[in-house]
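One structure is given below, encoded as structure tokens.
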Amino acid sequence: MTPAALSALIDATWPAATVQDAGGWRLRSSPGAGSRLNATTAGPGTDPATFPAAEQAMRDRGQPSLFMVRAGEDRLDTMLDQAGYAIKDPTALYAASTATLATERPPAVTCFEVWPPLACQAEIWDAGGIDDARLSVMGRATGPKTTVLGRVHDTPASTAFAALHGDTAMIHAMETAHAFRRQGLGRHMIRALAFWAQNRGAQQVTLLVTRSNLAATSLYAAMGFAPAGGYHYRTAPKDQA
């Protein structure tokens, strides 16, 4: 997936609170909602050498200097590295066709499509570090969207959000309560969302995962997902922890 296509997919399905385009750069701001919604990206054809202008624009907005460097943006990556920017959170994009995933429905009374999310889902997300700032992102997505609630023995156990952009669905914020992990619920959740996406004309399902999360990447590979790009962040020296 091209850098522009990846950002368009993220912006549509997990949108920032505010977006500003300046000098070929796109600046995002969503206080408290994580790096993805507070990172700046280069637009198509933007000269990476103009990144100091993006730095200044971020400073003018009172934001840390944070760039998202997508697969293929090697020149920008080199320039930021030479300026002392450190790599943060290498992340992979995985994609699979809906036909590959939507082959077997989850067991009865295991997964339920829910919109808007229930209080029990918010509790699962909150326990996993997905707080109100991130939950508000779901309300901003304007295209088709849903959440899925997963249950084990009639107990709320897992939750996830998905939204469509064109013929692609993207899954976000998939979280399983600690007591119910390693019981196959993640696989059921993905299949439930794949059927939801397929019923709305989507041809593929995508998701993002940090490359260090080996358990998740193993699951996705086993289900038929394949790497389709990704990104990492570059943080300015003064903003590095």
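Going by the structure tokens order, chains are called A, B, ..., each with residues numbered from 1, while ligands are numbered from 1 in the order shown.
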All residues 12 Å or closer to His232 in chain A, only C-alpha atoms, same chain fewer than 3 positions away omitted, as a PyMOL selection string: chain A and resi 3+35-36+39-41+66-74+76-77+80+85-93+208-211+229+235
Give me a file of those residues, with N, CA, C and O atoms, as a CSV table (one decimal), in the first residue's frame.
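Generated file (result.csv):
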```
chain,number,residue,atom,x,y,z
A,3,PRO,N,2.2,5.1,0.6
A,3,PRO,CA,2.1,6.0,1.8
A,3,PRO,C,0.8,6.8,1.8
A,3,PRO,O,0.2,6.9,2.9
A,35,SER,N,0.1,8.4,19.4
A,35,SER,CA,1.0,9.0,18.4
A,35,SER,C,0.3,9.0,17.0
A,35,SER,O,0.5,10.0,16.2
A,36,ARG,N,-0.5,8.0,16.7
A,36,ARG,CA,-1.0,8.0,15.3
A,36,ARG,C,-1.8,9.2,15.0
A,36,ARG,O,-1.8,9.6,13.8
A,39,ALA,N,0.6,12.7,14.7
A,39,ALA,CA,1.8,12.6,13.9
A,39,ALA,C,1.6,13.4,12.6
A,39,ALA,O,0.5,13.5,12.0
A,40,THR,N,2.7,13.9,12.1
A,40,THR,CA,2.7,14.6,10.8
A,40,THR,C,3.3,13.7,9.7
A,40,THR,O,4.2,13.0,9.9
A,41,THR,N,2.6,13.8,8.5
A,41,THR,CA,3.1,13.0,7.4
A,41,THR,C,3.3,13.9,6.2
A,41,THR,O,2.7,15.0,6.1
A,66,LEU,N,6.8,15.2,15.9
A,66,LEU,CA,6.6,13.8,15.7
A,66,LEU,C,6.2,13.6,14.2
A,66,LEU,O,5.1,14.1,13.8
A,67,PHE,N,7.0,12.8,13.6
A,67,PHE,CA,6.7,12.4,12.2
A,67,PHE,C,6.4,11.0,12.1
A,67,PHE,O,7.0,10.1,12.7
A,68,MET,N,5.4,10.6,11.2
A,68,MET,CA,5.2,9.2,10.8
A,68,MET,C,5.9,9.0,9.5
A,68,MET,O,5.6,9.7,8.5
A,69,VAL,N,6.8,8.1,9.5
A,69,VAL,CA,7.6,7.8,8.3
A,69,VAL,C,7.1,6.4,7.7
A,69,VAL,O,7.3,5.4,8.4
A,70,ARG,N,6.4,6.4,6.6
A,70,ARG,CA,5.8,5.2,6.0
A,70,ARG,C,6.8,4.5,5.1
A,70,ARG,O,7.8,5.0,4.7
A,71,ALA,N,6.5,3.2,4.9
A,71,ALA,CA,7.3,2.4,4.1
A,71,ALA,C,7.5,3.0,2.7
A,71,ALA,O,6.6,3.5,2.1
A,72,GLY,N,8.8,3.1,2.3
A,72,GLY,CA,9.2,3.7,1.1
A,72,GLY,C,9.7,5.2,1.2
A,72,GLY,O,10.2,5.7,0.2
A,73,GLU,N,9.5,5.8,2.3
A,73,GLU,CA,9.9,7.2,2.5
A,73,GLU,C,11.4,7.2,3.1
A,73,GLU,O,11.6,7.8,4.1
A,74,ASP,N,12.3,6.6,2.3
A,74,ASP,CA,13.6,6.4,2.8
A,74,ASP,C,14.4,7.7,2.9
A,74,ASP,O,15.2,7.9,3.9
A,76,LEU,N,13.2,10.8,3.5
A,76,LEU,CA,12.7,11.5,4.7
A,76,LEU,C,13.3,10.8,6.0
A,76,LEU,O,13.8,11.5,6.9
A,77,ASP,N,13.3,9.5,6.0
A,77,ASP,CA,13.8,8.8,7.2
A,77,ASP,C,15.3,9.1,7.4
A,77,ASP,O,15.7,9.4,8.5
A,80,LEU,N,15.7,12.8,8.8
A,80,LEU,CA,15.3,12.9,10.2
A,80,LEU,C,16.3,12.2,11.1
A,80,LEU,O,16.6,12.7,12.2
A,85,TYR,N,16.6,12.6,15.1
A,85,TYR,CA,15.3,12.0,15.4
A,85,TYR,C,15.4,10.5,15.6
A,85,TYR,O,16.1,9.8,14.9
A,86,ALA,N,14.8,10.0,16.7
A,86,ALA,CA,14.9,8.6,17.1
A,86,ALA,C,13.7,7.9,16.5
A,86,ALA,O,12.6,8.4,16.4
A,87,ILE,N,13.9,6.6,16.2
A,87,ILE,CA,12.8,5.7,15.8
A,87,ILE,C,11.9,5.3,17.0
A,87,ILE,O,12.4,5.0,18.1
A,88,LYS,N,10.6,5.3,16.8
A,88,LYS,CA,9.7,4.9,17.8
A,88,LYS,C,8.6,4.0,17.2
A,88,LYS,O,8.1,4.3,16.1
A,89,ASP,N,8.3,2.9,17.9
A,89,ASP,CA,7.1,2.0,17.5
A,89,ASP,C,7.1,1.6,16.1
A,89,ASP,O,6.1,1.9,15.4
A,90,PRO,N,8.0,0.9,15.5
A,90,PRO,CA,7.9,0.3,14.2
A,90,PRO,C,6.6,-0.5,14.1
A,90,PRO,O,6.3,-1.4,15.0
A,91,THR,N,5.8,-0.2,13.1
A,91,THR,CA,4.4,-0.8,13.0
A,91,THR,C,4.2,-1.4,11.6
A,91,THR,O,4.5,-0.8,10.6
A,92,ALA,N,3.6,-2.5,11.6
A,92,ALA,CA,3.3,-3.2,10.3
A,92,ALA,C,1.8,-3.1,10.0
A,92,ALA,O,0.9,-3.2,10.9
A,93,LEU,N,1.5,-2.9,8.7
A,93,LEU,CA,0.2,-3.1,8.2
A,93,LEU,C,0.0,-4.5,7.7
A,93,LEU,O,0.8,-5.0,6.9
A,208,LEU,N,-3.3,-2.7,12.0
A,208,LEU,CA,-2.0,-2.3,12.3
A,208,LEU,C,-1.5,-2.9,13.6
A,208,LEU,O,-2.3,-3.0,14.5
A,209,VAL,N,-0.3,-3.3,13.7
A,209,VAL,CA,0.3,-3.9,14.9
A,209,VAL,C,1.7,-3.6,15.0
A,209,VAL,O,2.5,-3.5,14.0
A,210,THR,N,2.2,-3.3,16.2
A,210,THR,CA,3.6,-3.0,16.4
A,210,THR,C,4.4,-4.3,16.1
A,210,THR,O,3.9,-5.4,16.5
A,211,ARG,N,5.5,-4.1,15.5
A,211,ARG,CA,6.3,-5.3,15.0
A,211,ARG,C,6.8,-6.1,16.2
A,211,ARG,O,7.1,-7.3,16.0
A,229,GLY,N,2.8,-3.2,4.1
A,229,GLY,CA,3.4,-1.8,4.4
A,229,GLY,C,3.6,-1.6,5.8
A,229,GLY,O,3.6,-2.5,6.7
A,235,THR,N,10.9,10.8,16.5
A,235,THR,CA,10.7,11.8,17.5
A,235,THR,C,11.9,12.7,17.6
A,235,THR,O,13.1,12.3,17.5
```
Long-range neighbours of Asp154 in chain A as a PyMOL selection string, 12 Å cut-off, only C-alpha atoms, 6 positions minimum in chain: chain A and resi 108-112
Distance query range 49-53 of chain A at most 9 Å, only C-alpha atoms, self and fewer than 3 positions along chain excluded, as an NGL selection string: :A and (22-25 or 42 or 46 or 56-58 or 75-76 or 79-80)
Residue selection dump (N, CA, C and O atoms) as a tab-separated table (two decimals), in the first residue's frame:
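See again_37.tsv below for the written result:
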```
chain	number	residue	atom	x	y	z
A	22	ALA	N	-0.21	22.04	5.55
A	22	ALA	CA	0.65	23.21	5.45
A	22	ALA	C	1.92	22.85	4.69
A	22	ALA	O	2.69	21.99	5.12
A	23	GLY	N	2.12	23.49	3.56
A	23	GLY	CA	3.36	23.31	2.81
A	23	GLY	C	3.65	21.89	2.38
A	23	GLY	O	4.81	21.49	2.31
A	24	GLY	N	2.61	21.13	2.08
A	24	GLY	CA	2.80	19.74	1.66
A	24	GLY	C	2.82	18.75	2.80
A	24	GLY	O	2.97	17.54	2.56
A	25	TRP	N	2.66	19.21	4.02
A	25	TRP	CA	2.66	18.33	5.19
A	25	TRP	C	1.28	18.31	5.82
A	25	TRP	O	0.58	19.32	5.82
A	42	ALA	N	4.16	13.46	5.28
A	42	ALA	CA	4.43	14.19	4.04
A	42	ALA	C	3.37	13.86	3.01
A	42	ALA	O	2.98	12.70	2.84
A	46	THR	N	5.92	15.84	-1.75
A	46	THR	CA	6.54	16.80	-0.84
A	46	THR	C	8.04	16.55	-0.73
A	46	THR	O	8.47	15.40	-0.57
A	56	GLN	N	8.37	23.60	12.58
A	56	GLN	CA	7.92	24.90	13.08
A	56	GLN	C	6.40	24.94	13.22
A	56	GLN	O	5.87	25.50	14.20
A	57	ALA	N	5.69	24.35	12.26
A	57	ALA	CA	4.23	24.33	12.33
A	57	ALA	C	3.76	23.55	13.55
A	57	ALA	O	2.79	23.96	14.22
A	58	MET	N	4.44	22.45	13.86
A	58	MET	CA	4.08	21.69	15.07
A	58	MET	C	4.36	22.51	16.32
A	58	MET	O	3.56	22.52	17.26
A	75	ARG	N	14.16	8.64	2.00
A	75	ARG	CA	14.90	9.90	2.03
A	75	ARG	C	14.49	10.72	3.26
A	75	ARG	O	15.35	11.29	3.95
A	76	LEU	N	13.21	10.78	3.54
A	76	LEU	CA	12.75	11.48	4.74
A	76	LEU	C	13.32	10.82	5.99
A	76	LEU	O	13.78	11.51	6.91
A	79	MET	N	16.94	11.84	6.45
A	79	MET	CA	17.09	13.23	6.87
A	79	MET	C	16.73	13.41	8.35
A	79	MET	O	17.42	14.13	9.08
A	80	LEU	N	15.67	12.77	8.78
A	80	LEU	CA	15.29	12.88	10.18
A	80	LEU	C	16.31	12.21	11.09
A	80	LEU	O	16.63	12.71	12.17
```
Contacts of Phe161 in chain A at 9 Å (only C-alpha atoms; same-chain gap of 5+ positions) as a ChimeraX atom specification: /A:117,138,145-148,170-174,193
Export of prior selection with N, CA, C and O atoms as a JSON list (two decimals), in the first residue's frame:
```
[["chain", "number", "residue", "atom", "x", "y", "z"],
["A", 117, "PRO", "N", -21.02, 1.62, 21.16],
["A", 117, "PRO", "CA", -20.45, 0.65, 22.10],
["A", 117, "PRO", "C", -21.17, 0.69, 23.44],
["A", 117, "PRO", "O", -21.70, 1.71, 23.87],
["A", 138, "MET", "N", -13.76, 6.95, 17.59],
["A", 138, "MET", "CA", -14.73, 6.11, 16.92],
["A", 138, "MET", "C", -15.94, 6.92, 16.47],
["A", 138, "MET", "O", -16.48, 6.71, 15.38],
["A", 145, "LYS", "N", -19.36, 1.81, 10.10],
["A", 145, "LYS", "CA", -18.52, 1.43, 11.23],
["A", 145, "LYS", "C", -19.31, 0.57, 12.19],
["A", 145, "LYS", "O", -20.55, 0.58, 12.20],
["A", 146, "THR", "N", -18.60, -0.16, 13.03],
["A", 146, "THR", "CA", -19.24, -0.99, 14.03],
["A", 146, "THR", "C", -18.23, -1.34, 15.11],
["A", 146, "THR", "O", -17.03, -1.10, 14.96],
["A", 147, "THR", "N", -18.72, -1.88, 16.19],
["A", 147, "THR", "CA", -17.86, -2.57, 17.14],
["A", 147, "THR", "C", -18.36, -4.01, 17.24],
["A", 147, "THR", "O", -19.50, -4.30, 16.87],
["A", 148, "VAL", "N", -17.50, -4.85, 17.72],
["A", 148, "VAL", "CA", -17.90, -6.23, 18.02],
["A", 148, "VAL", "C", -17.58, -6.50, 19.48],
["A", 148, "VAL", "O", -16.48, -6.18, 19.95],
["A", 170, "MET", "N", -10.80, -1.45, 8.12],
["A", 170, "MET", "CA", -9.65, -1.43, 9.03],
["A", 170, "MET", "C", -10.15, -1.68, 10.44],
["A", 170, "MET", "O", -11.12, -1.06, 10.89],
["A", 171, "ILE", "N", -9.49, -2.61, 11.12],
["A", 171, "ILE", "CA", -9.80, -2.95, 12.50],
["A", 171, "ILE", "C", -8.90, -2.14, 13.42],
["A", 171, "ILE", "O", -7.69, -2.05, 13.21],
["A", 172, "HIS", "N", -9.49, -1.55, 14.44],
["A", 172, "HIS", "CA", -8.75, -0.77, 15.42],
["A", 172, "HIS", "C", -9.15, -1.21, 16.83],
["A", 172, "HIS", "O", -10.25, -1.75, 17.04],
["A", 173, "ALA", "N", -8.28, -0.94, 17.78],
["A", 173, "ALA", "CA", -8.61, -1.04, 19.21],
["A", 173, "ALA", "C", -9.16, -2.41, 19.59],
["A", 173, "ALA", "O", -10.12, -2.51, 20.36],
["A", 174, "MET", "N", -8.57, -3.47, 19.08],
["A", 174, "MET", "CA", -8.99, -4.80, 19.49],
["A", 174, "MET", "C", -8.34, -5.12, 20.83],
["A", 174, "MET", "O", -7.12, -5.10, 20.97],
["A", 193, "LEU", "N", -15.77, -9.55, 12.30],
["A", 193, "LEU", "CA", -15.61, -8.27, 11.62],
["A", 193, "LEU", "C", -15.44, -8.45, 10.12],
["A", 193, "LEU", "O", -15.89, -7.61, 9.33]]
```
Selection near Thr168 in chain A, 6 Å with only C-alpha atoms, sequence-local residues under 4 positions removed, as a ChimeraX atom specification: /A:164,202,204-205
Store the residues of this selection in a file with all heavy atoms, as a short mmCIF file (atom, residue, chain, number, x, y, z; two decimals), in the first residue's frame.
```cif
data_model
loop_
_atom_site.label_atom_id
_atom_site.label_comp_id
_atom_site.auth_asym_id
_atom_site.auth_seq_id
_atom_site.Cartn_x
_atom_site.Cartn_y
_atom_site.Cartn_z
N LEU A 164 -15.03 1.33 7.49
CA LEU A 164 -14.75 1.14 6.07
C LEU A 164 -14.25 2.42 5.43
O LEU A 164 -14.69 3.52 5.76
CB LEU A 164 -16.01 0.69 5.32
CG LEU A 164 -16.63 -0.65 5.63
CD1 LEU A 164 -17.74 -0.94 4.62
CD2 LEU A 164 -15.60 -1.76 5.62
N ALA A 202 -16.83 -4.75 1.26
CA ALA A 202 -15.38 -4.64 1.41
C ALA A 202 -14.69 -5.84 0.78
O ALA A 202 -15.14 -6.98 0.91
CB ALA A 202 -15.00 -4.53 2.88
N GLN A 204 -11.20 -6.25 1.33
CA GLN A 204 -10.10 -6.66 2.19
C GLN A 204 -10.26 -6.07 3.59
O GLN A 204 -10.96 -5.07 3.79
CB GLN A 204 -8.75 -6.26 1.60
CG GLN A 204 -8.50 -4.76 1.48
CD GLN A 204 -7.10 -4.45 1.00
OE1 GLN A 204 -6.20 -5.30 1.04
NE2 GLN A 204 -6.88 -3.24 0.55
N VAL A 205 -9.59 -6.72 4.53
CA VAL A 205 -9.56 -6.30 5.92
C VAL A 205 -8.11 -6.00 6.28
O VAL A 205 -7.21 -6.77 5.92
CB VAL A 205 -10.12 -7.40 6.86
CG1 VAL A 205 -9.98 -6.99 8.33
CG2 VAL A 205 -11.58 -7.69 6.52
#
```
For CA of Ser136 in chain A and CA of Leu149 in chain A, the interatomic separation in Å (one decimal):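 Atom-to-atom, CA of Ser136 in chain A and CA of Leu149 in chain A are spaced 17.6 Å apart.
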Picked from chain A by DSSP as strand (DSSP E), as a PyMOL selection string: chain A and resi 18-22+25-29+41-42+66-70+86-97+111-114+145-152+155-165+168-176+204-210+226-235
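Using only C-alpha atoms for every distance, the candidate list A:Ala222, A:Gly32, A:His165, A:Arg61 yields A:His165 as the residue closest to Ala8 in chain A.
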Using only C-alpha atoms, which residues sit within 6 Å of range 119-123 of chain A once same-chain residues fewer than 2 positions away are excluded, as a compact mmCIF listing (two decimals) with N, CA and C atoms, in the first residue's frame?
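Saved to selection.txt:
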```txt
# COMPACT_ATOMS: atom_id res chain seq x y z
N TRP A 125 -11.88 -1.75 27.18
CA TRP A 125 -10.91 -0.86 26.55
C TRP A 125 -10.11 -0.09 27.59
N ASP A 126 -10.80 0.44 28.59
CA ASP A 126 -10.12 1.24 29.61
C ASP A 126 -9.08 0.41 30.35
N THR A 159 -13.39 -6.74 22.81
CA THR A 159 -14.07 -5.71 22.04
C THR A 159 -13.14 -5.19 20.96
```
Shell of 6 Å around range 11-20 of chain A, only C-alpha atoms, local chain residues under 2 positions omitted, as a PyMOL selection string: chain A and resi 7-9+26-30+37+141+163
Would you write out those residues with C-alpha atoms, as an mmCIF file, in the first residue's frame?
```
data_model
loop_
_atom_site.group_PDB
_atom_site.id
_atom_site.type_symbol
_atom_site.label_atom_id
_atom_site.label_comp_id
_atom_site.auth_asym_id
_atom_site.auth_seq_id
_atom_site.Cartn_x
_atom_site.Cartn_y
_atom_site.Cartn_z
ATOM 1 C CA SER A 7 -2.708 7.609 5.468
ATOM 2 C CA ALA A 8 -6.035 8.020 3.676
ATOM 3 C CA LEU A 9 -7.212 4.723 5.171
ATOM 4 C CA ARG A 26 -0.372 17.081 7.077
ATOM 5 C CA LEU A 27 -0.403 17.886 10.787
ATOM 6 C CA ARG A 28 -2.765 15.968 13.066
ATOM 7 C CA SER A 29 -3.780 16.820 16.610
ATOM 8 C CA SER A 30 -5.808 14.750 19.083
ATOM 9 C CA LEU A 37 -3.400 10.886 15.713
ATOM 10 C CA ALA A 141 -15.429 8.171 11.750
ATOM 11 C CA ALA A 163 -14.693 1.105 9.870
#
```
All alpha helix (DSSP H) positions in range 14-239 of chain A, as a PyMOL selection string: chain A and resi 51-60+74-82+98-101+119-127+132-140+185-198+214-223
